$ cat model22.tsv   # TSV, C-alpha atoms
chain	number	residue	atom	x	y	z
A	180	ARG	CA	0.00	0.00	0.00
A	181	ASN	CA	2.72	2.47	0.97
A	182	LEU	CA	4.70	1.46	-2.11
A	183	LEU	CA	1.64	2.01	-4.32
A	184	LEU	CA	1.06	5.45	-2.83
A	185	SER	CA	4.74	6.27	-3.28
A	186	TYR	CA	4.52	5.13	-6.92
A	187	LYS	CA	1.62	7.47	-7.61
A	188	ILE	CA	3.57	10.39	-6.14
A	189	ASN	CA	7.05	9.52	-7.39
A	190	PRO	CA	7.35	6.43	-9.63
A	191	ARG	CA	11.16	6.40	-9.67
A	192	LYS	CA	11.36	6.60	-5.84
A	193	ALA	CA	8.87	3.74	-5.57
A	194	ILE	CA	10.97	1.56	-7.88
A	195	ILE	CA	14.07	2.30	-5.81
A	196	GLU	CA	12.30	1.46	-2.55
A	197	LYS	CA	10.92	-1.75	-4.04
A	198	ASN	CA	14.39	-2.81	-5.17
A	199	MET	CA	15.80	-2.07	-1.71
A	200	SER	CA	13.07	-4.06	0.01
A	201	ALA	CA	13.51	-6.98	-2.34
A	202	SER	CA	17.28	-7.18	-1.97
A	203	THR	CA	17.50	-6.66	1.79
A	204	GLU	CA	15.40	-6.96	4.92
A	205	SER	CA	15.12	-3.19	4.98
A	206	ALA	CA	11.93	-1.20	5.08
A	207	PRO	CA	12.93	2.20	3.68
A	208	ASN	CA	11.42	5.14	5.52
A	209	PRO	CA	13.49	8.15	4.43
A	210	GLN	CA	13.29	11.26	6.59
A	211	PRO	CA	14.60	14.75	5.80
A	212	PRO	CA	17.31	16.09	8.12
A	213	ASN	CA	16.03	17.60	11.36
A	214	TYR	CA	18.63	20.33	11.73
A	215	PRO	CA	17.52	21.58	15.19
A	216	LYS	CA	17.73	18.02	16.54
A	217	LEU	CA	21.09	17.46	14.86
A	218	THR	CA	22.37	20.73	16.33
A	219	VAL	CA	21.43	19.50	19.80
A	220	ILE	CA	23.16	16.16	19.17
A	221	VAL	CA	26.45	17.68	17.99
A	222	THR	CA	26.32	20.18	20.86
A	223	VAL	CA	25.84	17.39	23.40
A	224	LEU	CA	28.80	15.52	21.88
A	225	LEU	CA	30.88	18.68	22.25
A	226	ALA	CA	29.76	19.03	25.87
A	227	ILE	CA	30.89	15.46	26.55
A	228	GLY	CA	34.20	16.17	24.83
A	229	PHE	CA	34.60	19.34	26.88
A	230	GLY	CA	34.03	17.34	30.07
A	231	LEU	CA	36.54	14.69	29.03
A	232	ALA	CA	39.09	17.37	28.12
A	233	TYR	CA	38.59	19.16	31.43
A	234	GLY	CA	39.01	15.87	33.30
A	235	VAL	CA	42.18	14.99	31.42
A	236	LEU	CA	43.69	18.39	32.23
A	237	ALA	CA	42.66	18.09	35.87
A	238	LEU	CA	44.66	14.87	36.13
A	239	ASP	CA	47.78	16.58	34.81
A	240	LYS	CA	49.29	18.48	37.75
A	241	SER	CA	52.63	19.12	36.05
A	242	ASN	CA	53.78	22.14	34.11
A	243	LYS	CA	50.85	24.40	35.05
A	244	GLU	CA	53.10	27.41	34.62
A	245	ILE	CA	53.95	26.33	31.06
A	246	TYR	CA	50.26	25.91	30.19
A	247	ASP	CA	49.49	29.33	31.66
A	248	SER	CA	52.31	30.98	29.70
A	249	LYS	CA	51.00	29.49	26.45
A	250	ILE	CA	47.48	30.69	27.22
A	251	GLN	CA	48.97	34.12	27.85
A	252	THR	CA	50.62	33.94	24.43
A	253	LEU	CA	47.21	33.30	22.87
A	254	ARG	CA	45.73	36.18	24.84
A	255	ASP	CA	48.51	38.58	23.88
A	256	GLY	CA	48.13	37.79	20.20
A	257	ASP	CA	44.30	37.59	20.30
A	258	LEU	CA	44.74	34.08	18.86
A	259	GLN	CA	42.06	32.38	20.92
A	260	TRP	CA	39.48	33.09	18.23
A	261	ILE	CA	41.26	30.61	15.96
A	262	TYR	CA	40.47	27.92	18.53
A	263	LEU	CA	36.80	28.85	18.66
A	264	GLY	CA	36.70	28.86	14.86
A	265	LEU	CA	38.13	25.34	14.80
A	266	VAL	CA	35.43	24.18	17.22
A	267	LEU	CA	32.72	25.69	15.00
A	268	LEU	CA	34.28	24.01	11.98
A	269	GLY	CA	34.39	20.65	13.76
A	270	ARG	CA	30.76	20.82	14.85
A	271	THR	CA	29.65	21.87	11.37
A	272	ILE	CA	31.47	18.91	9.82
A	273	ALA	CA	29.81	16.60	12.35
A	274	LEU	CA	26.36	18.03	11.60
A	275	LEU	CA	26.83	17.74	7.84
A	276	ASN	CA	27.88	14.11	8.17
A	277	PHE	CA	24.89	13.23	10.35
A	278	ALA	CA	22.36	15.03	8.13
A	279	PRO	CA	22.17	12.57	5.17
A	280	ALA	CA	21.63	9.60	7.52
A	281	GLY	CA	17.92	10.39	7.73
A	282	TYR	CA	17.49	9.49	4.08
A	283	LYS	CA	18.69	5.96	4.94
A	284	ASN	CA	16.19	5.59	7.75
A	285	GLY	CA	14.80	2.06	7.81
A	286	LEU	CA	17.69	0.54	5.87
A	287	LYS	CA	19.50	-2.27	7.63
A	288	GLY	CA	22.74	-4.14	7.15
A	289	ASN	CA	25.49	-3.65	4.60
A	290	ILE	CA	23.30	-1.58	2.29
A	291	ARG	CA	23.85	1.35	4.68
A	292	SER	CA	27.51	1.45	3.69
A	293	ASN	CA	26.55	2.77	0.25
A	294	PRO	CA	27.36	6.49	-0.02
A	295	PHE	CA	25.32	6.74	-3.23
A	296	PHE	CA	22.49	4.83	-4.87
A	297	PHE	CA	22.94	4.58	-8.64
A	298	GLU	CA	20.59	3.30	-11.30
A	299	THR	CA	21.12	2.09	-14.85
A	300	GLN	CA	19.99	4.11	-17.85
A	301	ASP	CA	18.47	1.09	-19.57
A	302	GLN	CA	14.88	0.13	-18.74
A	303	ASP	CA	12.98	-3.13	-18.90
A	304	GLU	CA	9.73	-3.61	-20.77
A	305	LYS	CA	7.84	-2.01	-17.86
A	306	GLY	CA	10.05	1.07	-17.84
A	307	LYS	CA	11.85	0.14	-14.63
A	308	ARG	CA	15.51	0.88	-13.99
A	309	THR	CA	17.92	-1.32	-12.03
A	310	MET	CA	19.51	0.00	-8.85
A	311	VAL	CA	23.29	-0.31	-8.65
A	312	LEU	CA	24.82	-0.83	-5.19
A	313	TYR	CA	28.13	-1.86	-3.67
A	314	GLN	CA	28.82	-5.57	-3.92
A	315	GLU	CA	28.32	-6.88	-0.38
A	316	ASP	CA	29.55	-10.47	-0.43
A	317	GLY	CA	32.97	-12.05	-0.18
A	318	THR	CA	36.29	-10.27	-0.42
A	319	ASN	CA	34.85	-7.72	-2.86
A	320	GLY	CA	32.37	-6.63	-0.23
A	321	MET	CA	35.12	-6.46	2.38
A	322	TYR	CA	37.22	-4.38	0.00
A	323	ASN	CA	34.32	-1.99	-0.65
A	324	ARG	CA	33.55	-1.45	3.03
A	325	SER	CA	37.24	-1.08	3.91
A	326	ASN	CA	37.53	1.72	1.39
A	327	ARG	CA	34.26	3.21	2.62
A	328	SER	CA	35.89	3.41	6.06
A	329	VAL	CA	38.69	5.47	4.52
A	330	GLN	CA	36.07	7.76	3.02
A	331	HIS	CA	34.48	8.15	6.45
A	332	LEU	CA	37.90	9.10	7.82
A	333	VAL	CA	38.26	11.88	5.25
A	334	GLU	CA	34.66	13.05	5.65
A	335	ASN	CA	34.75	13.35	9.43
A	336	SER	CA	38.26	14.41	10.35
A	337	GLY	CA	39.13	17.70	8.67
A	338	ALA	CA	38.81	19.82	11.81
A	339	PHE	CA	40.60	17.19	13.90
A	340	PHE	CA	43.62	17.33	11.60
A	341	ALA	CA	43.54	21.13	11.63
A	342	MET	CA	43.50	21.20	15.44
A	343	ILE	CA	46.53	19.01	16.03
A	344	GLY	CA	48.95	21.91	15.59
A	345	PRO	CA	47.12	24.71	17.46
A	346	VAL	CA	45.80	22.54	20.29
A	347	GLY	CA	49.08	20.63	20.46
A	348	PHE	CA	50.92	23.90	21.02
A	349	VAL	CA	48.97	24.48	24.25
A	350	PHE	CA	48.35	20.89	25.37
A	351	PRO	CA	50.99	18.68	23.67
A	352	LYS	CA	50.73	15.53	25.80
A	353	GLN	CA	46.94	15.45	25.70
A	354	THR	CA	46.94	16.04	21.96
A	355	CYS	CA	49.39	13.19	21.40
A	356	ALA	CA	47.20	10.86	23.46
A	357	LEU	CA	44.08	11.85	21.54
A	358	VAL	CA	45.80	11.27	18.20
A	359	GLY	CA	46.71	7.79	19.45
A	360	PHE	CA	43.12	7.02	20.49
A	361	PHE	CA	41.83	8.42	17.21
A	362	CYS	CA	44.21	6.23	15.19
A	363	ALA	CA	43.24	3.14	17.18
A	364	GLY	CA	39.58	3.97	16.64
A	365	ARG	CA	40.01	4.31	12.89
A	366	VAL	CA	41.82	0.97	12.63
A	367	MET	CA	39.03	-0.67	14.66
A	368	HIS	CA	36.45	1.05	12.46
A	369	GLN	CA	37.96	-0.27	9.23
A	370	ARG	CA	38.54	-3.77	10.56
A	371	GLY	CA	34.98	-4.05	11.83
A	372	TYR	CA	33.41	-2.43	8.77
A	373	SER	CA	35.18	-4.88	6.47
A	374	GLN	CA	33.39	-7.75	8.23
A	375	ARG	CA	29.90	-6.26	8.14
A	376	TYR	CA	27.99	-3.08	8.81
A	377	GLY	CA	27.59	-2.56	12.55
A	378	LYS	CA	30.87	-4.11	13.68
A	379	HIS	CA	32.56	-0.74	13.22
A	380	ALA	CA	30.61	0.77	16.11
A	381	MET	CA	33.35	0.66	18.75
A	382	GLY	CA	35.86	2.23	16.39
A	383	PHE	CA	33.33	4.90	15.47
A	384	VAL	CA	32.70	5.74	19.13
A	385	LEU	CA	36.40	5.89	20.00
A	386	SER	CA	37.33	8.12	17.06
A	387	THR	CA	34.24	10.32	17.51
A	388	PHE	CA	34.99	11.03	21.15
A	389	SER	CA	38.66	11.61	20.33
A	390	ILE	CA	37.51	14.34	17.95
A	391	ALA	CA	35.05	15.76	20.49
A	392	THR	CA	37.71	15.80	23.22
A	393	MET	CA	40.16	17.59	20.93
A	394	GLU	CA	37.48	20.18	20.30
A	395	GLY	CA	36.93	20.34	24.05
A	396	LEU	CA	40.62	21.20	24.54
A	397	ALA	CA	40.34	23.90	21.88
A	398	LEU	CA	37.28	25.33	23.65
A	399	ILE	CA	39.13	25.31	26.99
A	400	ALA	CA	42.01	27.20	25.38
A	401	PHE	CA	39.52	29.77	24.10
A	402	PHE	CA	37.78	30.15	27.46
A	403	LYS	CA	41.05	30.44	29.35
A	404	ALA	CA	42.44	33.04	26.97
A	405	GLN	CA	39.19	34.98	27.29
A	406	GLU	CA	39.45	34.62	31.07
A	407	LEU	CA	36.08	32.89	31.15
A	408	LEU	CA	37.49	29.76	32.80

$ encode --input "model22.tsv" --output "structure tokens"
Amino acid sequence: RNLLLSYKINPRKAIIEKNMSASTESAPNPQPPNYPKLTVIVTVLLAIGFGLAYGVLALDKSNKEIYDSKIQTLRDGDLQWIYLGLVLLGRTIALLNFAPAGYKNGLKGNIRSNPFFFETQDQDEKGKRTMVLYQEDGTNGMYNRSNRSVQHLVENSGAFFAMIGPVGFVFPKQTCALVGFFCAGRVMHQRGYSQRYGKHAMGFVLSTFSIATMEGLALIAFFKAQELL
């Protein structure tokens, strides 16, 4: 019934949804991005990262004078705004990566690893096109998902890479540790993703919170230089 209604409104969309349902156990229910909700989600992640960053710094009792002198350097040069800009960039990248996920709502399994859904130009006698997806099975499927993990790395990590230098200047040991956790998370992500969709979750969580904590350190640097913390 839903498929018939969808066909009357948008025949091509209905054909795509039928193909998805036939080839997987999915029940497509695409939803447009809810940007206010996504803004809350990425803000909560930043708040968690800020808390983790604050806790990590609280455990480090050494070299307080060095940290303070570096914060003073930021203050003297009015450089703290760079750190806030990096946080805004990081949260924007996170929001933009979460936004398309709503269109995959209802899809389950390896089909979710597809970044695009293609279709052939040729049509059958009923005018239907064939959907083209990543091959899921065997070593070809593992290869596809492994490379998709690399794409996720590039898509999610721009601000993290940009922060290593500026945040590392103020908090070098913490930055080094976060880079280590991030790298471990990305290896876990790729290894799990190659096996099947869903097994990358632990790697995703570890790398995501490494990014959020790095942003938390950048936000602390901003607050301290502004004398708000």

$ residues_around --input "model22.tsv" --residues "Val346 of chain A" --least-positions-apart "3" --cutoff "12 Å" --atoms "all atoms listed in the file" --output "PyMOL selection string"
chain A and resi 232+246+249-250+253+258-259+261-263+265-266+338-343+349-355+357-358+390+392-401

$ atom_distance --input "model22.tsv" --atom1 "atom CA of Val219 of chain A" --atom2 "atom CA of Gly264 of chain A"
18.6 Å

$ closest_residue --input "model22.tsv" --among "A:Gln330, A:Thr318, A:Val384, A:Val221" --to "Leu267 of chain A" --atoms "all atoms listed in the file"
A:Val221

$ residues_around --input "model22.tsv" --residues "Gly281 of chain A" --least-positions-apart "2" --cutoff "6 Å" --atoms "all atoms listed in the file" --output "list in words"
Pro209, Gln210, Pro211, Pro212, Pro279, Lys283 and Asn284 of chain A

$ closest_residue --input "model22.tsv" --among "A:Ala363, A:Ile245, A:Ala380, A:Ala273" --to "Val223 of chain A" --atoms "only C-alpha atoms"
A:Ala273

$ atom_distance --input "model22.tsv" --atom1 "atom CA of Ile220 of chain A" --atom2 "atom CA of Phe360 of chain A"
22.0 Å

$ residues_near_point --input "model22.tsv" --point "(33.0, 0.0, 0.3)" --cutoff "12 Å" --atoms "all atoms listed in the file" --output "MDAnalysis selection string"
chainID A and resid 289:295 312:316 318:331 369 372:376

$ write_last_selection --input "model22.tsv" --atoms "C-alpha atoms" --output "PDB file, in the coordinates of the input"
ATOM      1  CA  ASN A 289      25.490  -3.650   4.600  1.00  0.00           C
ATOM      2  CA  ILE A 290      23.300  -1.580   2.290  1.00  0.00           C
ATOM      3  CA  ARG A 291      23.850   1.350   4.680  1.00  0.00           C
ATOM      4  CA  SER A 292      27.510   1.450   3.690  1.00  0.00           C
ATOM      5  CA  ASN A 293      26.550   2.770   0.250  1.00  0.00           C
ATOM      6  CA  PRO A 294      27.360   6.490  -0.020  1.00  0.00           C
ATOM      7  CA  PHE A 295      25.320   6.740  -3.230  1.00  0.00           C
ATOM      8  CA  LEU A 312      24.820  -0.830  -5.190  1.00  0.00           C
ATOM      9  CA  TYR A 313      28.130  -1.860  -3.670  1.00  0.00           C
ATOM     10  CA  GLN A 314      28.820  -5.570  -3.920  1.00  0.00           C
ATOM     11  CA  GLU A 315      28.320  -6.880  -0.380  1.00  0.00           C
ATOM     12  CA  ASP A 316      29.550 -10.470  -0.430  1.00  0.00           C
ATOM     13  CA  THR A 318      36.290 -10.270  -0.420  1.00  0.00           C
ATOM     14  CA  ASN A 319      34.850  -7.720  -2.860  1.00  0.00           C
ATOM     15  CA  GLY A 320      32.370  -6.630  -0.230  1.00  0.00           C
ATOM     16  CA  MET A 321      35.120  -6.460   2.380  1.00  0.00           C
ATOM     17  CA  TYR A 322      37.220  -4.380   0.000  1.00  0.00           C
ATOM     18  CA  ASN A 323      34.320  -1.990  -0.650  1.00  0.00           C
ATOM     19  CA  ARG A 324      33.550  -1.450   3.030  1.00  0.00           C
ATOM     20  CA  SER A 325      37.240  -1.080   3.910  1.00  0.00           C
ATOM     21  CA  ASN A 326      37.530   1.720   1.390  1.00  0.00           C
ATOM     22  CA  ARG A 327      34.260   3.210   2.620  1.00  0.00           C
ATOM     23  CA  SER A 328      35.890   3.410   6.060  1.00  0.00           C
ATOM     24  CA  VAL A 329      38.690   5.470   4.520  1.00  0.00           C
ATOM     25  CA  GLN A 330      36.070   7.760   3.020  1.00  0.00           C
ATOM     26  CA  HIS A 331      34.480   8.150   6.450  1.00  0.00           C
ATOM     27  CA  GLN A 369      37.960  -0.270   9.230  1.00  0.00           C
ATOM     28  CA  TYR A 372      33.410  -2.430   8.770  1.00  0.00           C
ATOM     29  CA  SER A 373      35.180  -4.880   6.470  1.00  0.00           C
ATOM     30  CA  GLN A 374      33.390  -7.750   8.230  1.00  0.00           C
ATOM     31  CA  ARG A 375      29.900  -6.260   8.140  1.00  0.00           C
ATOM     32  CA  TYR A 376      27.990  -3.080   8.810  1.00  0.00           C
TER      33      TYR A 376
END

$ atom_distance --input "model22.tsv" --atom1 "atom CA of Arg370 of chain A" --atom2 "atom CA of Leu286 of chain A"
21.8 Å

$ residues_around --input "model22.tsv" --residues "Gln251 of chain A" --least-positions-apart "4" --cutoff "9 Å" --atoms "all atoms listed in the file" --output "ChimeraX atom specification"
/A:246-247,255-256,403-404

$ write_last_selection --input "model22.tsv" --atoms "C-alpha atoms" --output "PDB file, keeping the file's coordinate frame"
ATOM      1  CA  TYR A 246      50.260  25.910  30.190  1.00  0.00           C
ATOM      2  CA  ASP A 247      49.490  29.330  31.660  1.00  0.00           C
ATOM      3  CA  ASP A 255      48.510  38.580  23.880  1.00  0.00           C
ATOM      4  CA  GLY A 256      48.130  37.790  20.200  1.00  0.00           C
ATOM      5  CA  LYS A 403      41.050  30.440  29.350  1.00  0.00           C
ATOM      6  CA  ALA A 404      42.440  33.040  26.970  1.00  0.00           C
TER       7      ALA A 404
END

$ closest_residue --input "model22.tsv" --among "A:Pro345, A:Gln300, A:Gly288, A:Ser336" --to "Gly377 of chain A" --atoms "only C-alpha atoms"
A:Gly288

$ residues_around --input "model22.tsv" --residues "Leu275 of chain A" --least-positions-apart "6" --cutoff "10 Å" --atoms "all atoms listed in the file" --output "NGL selection string"
:A and (212 or 214 or 217 or 334-335)

$ axis_aligned_box --input "model22.tsv" --around "segment 230-248 of chain A" --padding-each-side "4 Å" --output "lines of an AutoDock Vina configuration file"
center_x = 44.0
center_y = 22.8
center_z = 32.9
size_x = 27.9
size_y = 24.3
size_z = 17.6

$ closest_residue --input "model22.tsv" --among "A:Leu225, A:Leu332, A:Leu407, A:Leu385" --to "Gly269 of chain A" --atoms "all atoms listed in the file"
A:Leu225

$ closest_residue --input "model22.tsv" --among "A:Gly371, A:Gly359, A:Gly230, A:Pro215" --to "Ser389 of chain A" --atoms "only C-alpha atoms"
A:Gly359

$ decode --input "model22.tsv" --residues "segment 364-388 of chain A" --atoms "N, CA and C atoms" --output "PDB file, in the first residue's frame"
ATOM      1  N   GLY A 364      40.989   4.029  16.995  1.00  0.00           N
ATOM      2  CA  GLY A 364      39.581   3.967  16.636  1.00  0.00           C
ATOM      3  C   GLY A 364      39.362   3.776  15.150  1.00  0.00           C
ATOM      4  N   ARG A 365      40.173   4.453  14.328  1.00  0.00           N
ATOM      5  CA  ARG A 365      40.007   4.315  12.886  1.00  0.00           C
ATOM      6  C   ARG A 365      40.407   2.925  12.394  1.00  0.00           C
ATOM      7  N   VAL A 366      41.444   2.335  13.000  1.00  0.00           N
ATOM      8  CA  VAL A 366      41.820   0.965  12.632  1.00  0.00           C
ATOM      9  C   VAL A 366      40.700  -0.002  13.013  1.00  0.00           C
ATOM     10  N   MET A 367      40.148   0.165  14.222  1.00  0.00           N
ATOM     11  CA  MET A 367      39.029  -0.672  14.658  1.00  0.00           C
ATOM     12  C   MET A 367      37.823  -0.487  13.748  1.00  0.00           C
ATOM     13  N   HIS A 368      37.573   0.742  13.341  1.00  0.00           N
ATOM     14  CA  HIS A 368      36.449   1.045  12.455  1.00  0.00           C
ATOM     15  C   HIS A 368      36.594   0.292  11.139  1.00  0.00           C
ATOM     16  N   GLN A 369      37.768   0.380  10.517  1.00  0.00           N
ATOM     17  CA  GLN A 369      37.965  -0.270   9.232  1.00  0.00           C
ATOM     18  C   GLN A 369      37.903  -1.788   9.345  1.00  0.00           C
ATOM     19  N   ARG A 370      38.532  -2.318  10.383  1.00  0.00           N
ATOM     20  CA  ARG A 370      38.544  -3.773  10.560  1.00  0.00           C
ATOM     21  C   ARG A 370      37.121  -4.297  10.764  1.00  0.00           C
ATOM     22  N   GLY A 371      36.352  -3.615  11.597  1.00  0.00           N
ATOM     23  CA  GLY A 371      34.976  -4.048  11.833  1.00  0.00           C
ATOM     24  C   GLY A 371      34.086  -3.863  10.618  1.00  0.00           C
ATOM     25  N   TYR A 372      34.244  -2.725   9.939  1.00  0.00           N
ATOM     26  CA  TYR A 372      33.413  -2.426   8.767  1.00  0.00           C
ATOM     27  C   TYR A 372      33.635  -3.446   7.669  1.00  0.00           C
ATOM     28  N   SER A 373      34.885  -3.913   7.531  1.00  0.00           N
ATOM     29  CA  SER A 373      35.180  -4.879   6.473  1.00  0.00           C
ATOM     30  C   SER A 373      34.406  -6.171   6.687  1.00  0.00           C
ATOM     31  N   GLN A 374      34.114  -6.506   7.939  1.00  0.00           N
ATOM     32  CA  GLN A 374      33.390  -7.748   8.232  1.00  0.00           C
ATOM     33  C   GLN A 374      31.900  -7.602   7.939  1.00  0.00           C
ATOM     34  N   ARG A 375      31.301  -6.552   8.447  1.00  0.00           N
ATOM     35  CA  ARG A 375      29.901  -6.256   8.138  1.00  0.00           C
ATOM     36  C   ARG A 375      29.531  -4.921   8.764  1.00  0.00           C
ATOM     37  N   TYR A 376      28.468  -4.327   8.248  1.00  0.00           N
ATOM     38  CA  TYR A 376      27.991  -3.076   8.811  1.00  0.00           C
ATOM     39  C   TYR A 376      27.537  -3.317  10.252  1.00  0.00           C
ATOM     40  N   GLY A 377      27.948  -2.454  11.144  1.00  0.00           N
ATOM     41  CA  GLY A 377      27.589  -2.560  12.555  1.00  0.00           C
ATOM     42  C   GLY A 377      28.770  -2.925  13.428  1.00  0.00           C
ATOM     43  N   LYS A 378      29.709  -3.699  12.887  1.00  0.00           N
ATOM     44  CA  LYS A 378      30.867  -4.108  13.684  1.00  0.00           C
ATOM     45  C   LYS A 378      31.913  -2.993  13.794  1.00  0.00           C
ATOM     46  N   HIS A 379      31.653  -1.890  13.137  1.00  0.00           N
ATOM     47  CA  HIS A 379      32.561  -0.738  13.216  1.00  0.00           C
ATOM     48  C   HIS A 379      32.201   0.184  14.376  1.00  0.00           C
ATOM     49  N   ALA A 380      31.162  -0.153  15.132  1.00  0.00           N
ATOM     50  CA  ALA A 380      30.606   0.773  16.111  1.00  0.00           C
ATOM     51  C   ALA A 380      31.624   1.226  17.160  1.00  0.00           C
ATOM     52  N   MET A 381      32.396   0.296  17.707  1.00  0.00           N
ATOM     53  CA  MET A 381      33.353   0.660  18.749  1.00  0.00           C
ATOM     54  C   MET A 381      34.419   1.607  18.208  1.00  0.00           C
ATOM     55  N   GLY A 382      34.884   1.339  17.001  1.00  0.00           N
ATOM     56  CA  GLY A 382      35.858   2.234  16.386  1.00  0.00           C
ATOM     57  C   GLY A 382      35.273   3.607  16.128  1.00  0.00           C
ATOM     58  N   PHE A 383      34.014   3.634  15.712  1.00  0.00           N
ATOM     59  CA  PHE A 383      33.334   4.904  15.471  1.00  0.00           C
ATOM     60  C   PHE A 383      33.235   5.714  16.760  1.00  0.00           C
ATOM     61  N   VAL A 384      32.842   5.048  17.845  1.00  0.00           N
ATOM     62  CA  VAL A 384      32.698   5.736  19.128  1.00  0.00           C
ATOM     63  C   VAL A 384      34.037   6.287  19.602  1.00  0.00           C
ATOM     64  N   LEU A 385      35.089   5.464  19.520  1.00  0.00           N
ATOM     65  CA  LEU A 385      36.404   5.886  19.999  1.00  0.00           C
ATOM     66  C   LEU A 385      36.935   7.074  19.194  1.00  0.00           C
ATOM     67  N   SER A 386      36.825   7.016  17.889  1.00  0.00           N
ATOM     68  CA  SER A 386      37.330   8.120  17.062  1.00  0.00           C
ATOM     69  C   SER A 386      36.461   9.362  17.213  1.00  0.00           C
ATOM     70  N   THR A 387      35.142   9.176  17.354  1.00  0.00           N
ATOM     71  CA  THR A 387      34.239  10.318  17.511  1.00  0.00           C
ATOM     72  C   THR A 387      34.522  11.079  18.799  1.00  0.00           C
ATOM     73  N   PHE A 388      34.725  10.357  19.893  1.00  0.00           N
ATOM     74  CA  PHE A 388      34.991  11.033  21.154  1.00  0.00           C
ATOM     75  C   PHE A 388      36.422  11.582  21.225  1.00  0.00           C
TER      76      PHE A 388
END
